[in-house]
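One structure below.
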Amino acid sequence: MIATVSSEGARALAGPRTYIVAIIAGLSTFDPSLATILGVAAAATVFLFGDLAAFKVTPAVLWMMALLIWIAASSAWSVNPRALDSVLLWIAMGMMFIAVLQVVQTANQLRVIAIGYLVGAFSASIRLLIEQARLDIQGAVRLTTIFGDVNINYVAYALAAGWALLVLLWDSRRKGSAVATILMAVAAVGVLIGIQTSQTRGALLGTVFAAAWIVLRRLFGLRSLAIPTLAVVTAAALALSGIGDQSSLQFEAGGRATGDWSGRIPLWDAARTIWALRPLVGFGVGSFGHVSGYGIAAHNVLLDIGVGLGVVGVLLFIAVLVSCLWLGTRSAPQVLRSEVIGVFLAASSPAYLTGVWATAPAAWICLALVARIGVVHPPDSAAVR
């Protein structure tokens, strides 16, 4: 067992706010619109009626605020006719992100919200199975939307992000808790089936990468984040430069192979060309679809942000990630930190590099939860293995 909940604070009751956030976390896996509306309301409640003295201005909070200020400022030069909508959506993501950071103060609160997220993910997987079975009967090939108009890739990426939370719960479970072990195993199978049913290649790759990191870490007893960090930095550099576009097609296997990642490579090429025209400040928030003429996002978070917010915006976004995953988790047990963050990077990187994930509620909630793993402490009388 890597870490257990042992302190009195960790055993404290979660409280109403925690359960509300847990419900929103679950909704974020399959209904991003409703999760955003409820998340903003919950965040406003936390900020307005919470204990201001207990509000923690961490580096992650500061960098997120700086990013939101830059996003709002970019609307002054944005060519996007719907720039205000984009600004408001980013502010909503920021509010939810900061609220989750503030709400999670004990290991029990972290676990409750993580469980809420995974309950939502399991429910989404069941719905995926039902909907796909219905399409199979009708002779259709693949689901493209679910729950009305929610893109199937969004749900699949949210399921993949859940691997990090499953690992967190597994590694911090109480020794001898057979019920918890069984429930987590069932959740894992459900998430895996949901991802497989979605046929979303990014989520499938993320699952494979996450499994590879777990095996590698445990086989060689790795405690450093050097390998997953180097892998993500390399993948991001290749994506930004375009050098890896063609070589990445070796992962595009199966019946859905198109030779250009379902139209993504032309989007990435266009994003790089447009970004080069205004490299420092970009064309304003959410402008890629308008400037490129494609009418959709670039399907790469860094390129999307680069076109809209320039190098400044990309650096601020990276600063948020670094402050969450590397700087903000240093108090967590080393092995737990290595495994959870490594799995998060492995499972979620395809979503960031090939999907529309910059303003996804599931992305920001999951990131905030992983950023708070420092509230989980090793047992007082047992060594962390």
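Residues are named by chain letter and number: chains run A, B, ... in the order of the structure tokens, numbers start at 1 in each chain, and ligands are numbered from 1 in the order shown.
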Pull the alpha helix (DSSP H) assignments for region 78-277 of chain A out of DSSP run on the backbone, and list those residues as a VMD selection string. chain A and resid 83 to 103 107 to 138 152 to 171 178 to 198 201 to 220 226 to 241 264 to 275
Sorted by chain and rising residue number, list the residues of region 111-174 of chain A at most 7 Å from region 192-203 of chain A (counting only C-alpha atoms), each with its closest atom pair and distance in Å to one decimal, as JSON lines.
```
{"residue": "A:Ser125", "atom": "CA", "partner": "A:Gly194", "partner_atom": "CA", "distance": 4.2}
{"residue": "A:Leu128", "atom": "CA", "partner": "A:Gly194", "partner_atom": "CA", "distance": 6.3}
{"residue": "A:Leu129", "atom": "CA", "partner": "A:Thr197", "partner_atom": "CA", "distance": 6.6}
{"residue": "A:Ile152", "atom": "CA", "partner": "A:Ser198", "partner_atom": "CA", "distance": 6.6}
{"residue": "A:Asn153", "atom": "CA", "partner": "A:Thr200", "partner_atom": "CA", "distance": 5.9}
{"residue": "A:Ala156", "atom": "CA", "partner": "A:Ile195", "partner_atom": "CA", "distance": 5.5}
{"residue": "A:Tyr157", "atom": "CA", "partner": "A:Ala203", "partner_atom": "CA", "distance": 5.3}
{"residue": "A:Leu159", "atom": "CA", "partner": "A:Ile195", "partner_atom": "CA", "distance": 6.7}
{"residue": "A:Ala160", "atom": "CA", "partner": "A:Ala203", "partner_atom": "CA", "distance": 5.5}
```
What lies within 7 Å of Gly342 (chain A) using only C-alpha atoms, ignoring chain neighbours under 4 positions off, as a list in words?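 Final neighbour list, sorted by chain and number: Trp213, Leu225, Pro228, Ser338 and Ala346 of chain A.
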Residue contacts of Tyr352 (chain A) (12 Å, only C-alpha atoms) excluding same-chain residues fewer than 6 positions away, as a PyMOL selection string: chain A and resi 154+157-158+160-161+202-203+206+232+235-236+239+298-305+317-318+321+344-346+358-360+363-364
Create the file for the chosen residues now, containing N, CA and C atoms and written as a short mmCIF file (atom, residue, chain, number, x, y, z; two decimals), in the first residue's frame.
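The resulting file, out.cif, is shown below:
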```cif
data_model
loop_
_atom_site.label_atom_id
_atom_site.label_comp_id
_atom_site.auth_asym_id
_atom_site.auth_seq_id
_atom_site.Cartn_x
_atom_site.Cartn_y
_atom_site.Cartn_z
N TYR A 154 -15.28 13.86 -26.46
CA TYR A 154 -15.21 14.52 -25.15
C TYR A 154 -15.41 13.50 -24.04
N TYR A 157 -12.36 11.19 -23.72
CA TYR A 157 -11.22 11.85 -23.08
C TYR A 157 -11.47 12.00 -21.57
N ALA A 158 -12.71 12.29 -21.19
CA ALA A 158 -13.04 12.40 -19.77
C ALA A 158 -12.86 11.05 -19.07
N ALA A 160 -10.75 8.70 -20.01
CA ALA A 160 -9.31 8.45 -19.94
C ALA A 160 -8.68 9.24 -18.80
N ALA A 161 -9.12 10.49 -18.61
CA ALA A 161 -8.58 11.29 -17.51
C ALA A 161 -8.89 10.65 -16.17
N GLY A 202 -7.51 8.72 -29.38
CA GLY A 202 -6.73 9.43 -28.38
C GLY A 202 -6.91 8.85 -26.99
N ALA A 203 -8.15 8.49 -26.65
CA ALA A 203 -8.44 7.91 -25.34
C ALA A 203 -7.84 6.50 -25.24
N GLY A 206 -4.15 6.96 -24.78
CA GLY A 206 -3.90 7.41 -23.42
C GLY A 206 -3.97 6.27 -22.42
N VAL A 232 6.14 13.87 -22.50
CA VAL A 232 5.13 14.88 -22.80
C VAL A 232 5.76 16.11 -23.46
N ALA A 235 6.59 15.19 -27.03
CA ALA A 235 5.37 15.12 -27.85
C ALA A 235 4.84 16.52 -28.15
N ALA A 236 4.85 17.39 -27.14
CA ALA A 236 4.36 18.76 -27.34
C ALA A 236 5.24 19.51 -28.33
N ALA A 239 4.50 18.33 -31.76
CA ALA A 239 3.20 18.82 -32.21
C ALA A 239 3.28 20.30 -32.61
N ALA A 298 -8.56 24.02 -33.29
CA ALA A 298 -7.40 23.41 -33.95
C ALA A 298 -7.14 21.98 -33.50
N HIS A 299 -7.87 21.50 -32.51
CA HIS A 299 -7.70 20.15 -31.98
C HIS A 299 -6.27 19.92 -31.48
N ASN A 300 -5.73 20.93 -30.84
CA ASN A 300 -4.47 20.86 -30.12
C ASN A 300 -4.48 22.07 -29.20
N VAL A 301 -4.46 21.84 -27.91
CA VAL A 301 -4.62 22.93 -26.95
C VAL A 301 -3.54 23.99 -27.11
N LEU A 302 -2.30 23.57 -27.29
CA LEU A 302 -1.21 24.54 -27.40
C LEU A 302 -1.34 25.38 -28.67
N LEU A 303 -1.71 24.76 -29.77
CA LEU A 303 -1.88 25.51 -31.02
C LEU A 303 -3.09 26.42 -30.95
N ASP A 304 -4.16 25.94 -30.35
CA ASP A 304 -5.36 26.77 -30.19
C ASP A 304 -5.06 28.01 -29.36
N ILE A 305 -4.39 27.80 -28.23
CA ILE A 305 -4.04 28.92 -27.36
C ILE A 305 -3.02 29.82 -28.05
N PHE A 317 -0.44 29.26 -19.72
CA PHE A 317 -1.13 27.97 -19.61
C PHE A 317 -0.17 26.91 -19.09
N ILE A 318 1.04 26.88 -19.62
CA ILE A 318 2.04 25.92 -19.16
C ILE A 318 2.37 26.17 -17.69
N LEU A 321 -0.13 24.47 -15.54
CA LEU A 321 0.10 23.03 -15.48
C LEU A 321 1.28 22.70 -14.58
N PHE A 344 -1.73 10.58 -15.09
CA PHE A 344 -2.47 11.74 -15.62
C PHE A 344 -1.83 12.24 -16.91
N LEU A 345 -0.52 12.40 -16.91
CA LEU A 345 0.18 12.87 -18.10
C LEU A 345 0.01 11.90 -19.27
N ALA A 346 0.16 10.62 -18.98
CA ALA A 346 0.06 9.62 -20.04
C ALA A 346 -1.35 9.53 -20.62
N ALA A 358 -9.14 22.46 -24.10
CA ALA A 358 -8.71 23.65 -23.35
C ALA A 358 -9.80 24.17 -22.42
N THR A 359 -11.05 24.09 -22.84
CA THR A 359 -12.16 24.59 -22.03
C THR A 359 -13.13 23.46 -21.69
N ALA A 360 -12.58 22.29 -21.39
CA ALA A 360 -13.40 21.14 -21.01
C ALA A 360 -13.52 21.09 -19.49
N ALA A 363 -11.56 18.36 -17.83
CA ALA A 363 -10.11 18.56 -17.81
C ALA A 363 -9.69 19.38 -16.61
N TRP A 364 -10.39 20.48 -16.34
CA TRP A 364 -9.99 21.37 -15.25
C TRP A 364 -10.31 20.78 -13.88
#
```
Considering only C-alpha atoms, return as a PyMOL selection string whatever protein or nucleic-acid residues lie within 10 Å of region 101-103 of chain A, sequence-local ones (same chain, fewer than 6 positions apart) excluded. chain A and resi 14-15+17-18+21+43+46-47+50+54-58+60-61+95+109-110+113+324+365+367-372
Between CA of Leu88 (chain A) and CA of Leu309 (chain A), what distance in Å does the model show, to one decimal?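 Rounded to one decimal, the two atoms are 15.2 Å apart.
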In Å, with one decimal, what is the gap from CA of Val40 (chain A) to CA of Ala332 (chain A)? 28.6 Å
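For region 19-154 of chain A, backbone-based DSSP labels the following residues as strand (DSSP E or B): Thr145, Ile146, Val150 and Asn151 of chain A.
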Store the residues of this selection in a file with N, CA and C atoms, as a PDB file, in the first residue's frame.
```
ATOM      1  N   THR A 145     -22.189  11.349 -31.198  1.00  0.00           N
ATOM      2  CA  THR A 145     -22.653  12.164 -30.073  1.00  0.00           C
ATOM      3  C   THR A 145     -23.408  11.286 -29.089  1.00  0.00           C
ATOM      4  N   ILE A 146     -23.527  11.772 -27.872  1.00  0.00           N
ATOM      5  CA  ILE A 146     -24.252  11.055 -26.824  1.00  0.00           C
ATOM      6  C   ILE A 146     -24.878  12.075 -25.891  1.00  0.00           C
ATOM      7  N   VAL A 150     -23.523  15.920 -27.027  1.00  0.00           N
ATOM      8  CA  VAL A 150     -22.168  15.879 -26.468  1.00  0.00           C
ATOM      9  C   VAL A 150     -21.297  15.004 -27.367  1.00  0.00           C
ATOM     10  N   ASN A 151     -20.181  15.586 -27.832  1.00  0.00           N
ATOM     11  CA  ASN A 151     -19.278  14.867 -28.719  1.00  0.00           C
ATOM     12  C   ASN A 151     -18.728  13.625 -28.033  1.00  0.00           C
TER      13      ASN A 151
END
```
Give me, please, the distance in Å between CA of Gly221 (chain A) and CA of Ala178 (chain A), quoted to one decimal.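 For CA of Gly221 (chain A) relative to CA of Ala178 (chain A), the distance reads 25.6 Å.
Minimum atom-to-atom distance to Ser349 (chain A), evaluated using only C-alpha atoms, belongs to A:Phe209 out of A:Trp170, A:Phe209, A:Trp261, A:Trp275.
Of the listed residues (A:Thr234, A:Ser287, A:Ser33, A:Ser323), A:Ser287 comes nearest to Trp77 (chain A); the distances count only C-alpha atoms.
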Close residues, Leu67 (chain A) itself excluded, 6 Å, only C-alpha atoms, min 3 positions apart in chain, as an MDAnalysis selection string: chainID A and resid 64 70 316
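If only C-alpha atoms are the atoms counted, then among A:Pro32, A:Gly120, A:Gly355, A:Pro279 the closest residue to Met93 (chain A) is A:Pro32.
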Show which residues sit within 10 Å of Ser86 (chain A), as a PyMOL selection string. Count only C-alpha atoms, and ignore same-chain residues fewer than 6 positions away. chain A and resi 71-72+75+80+92+284-287+359
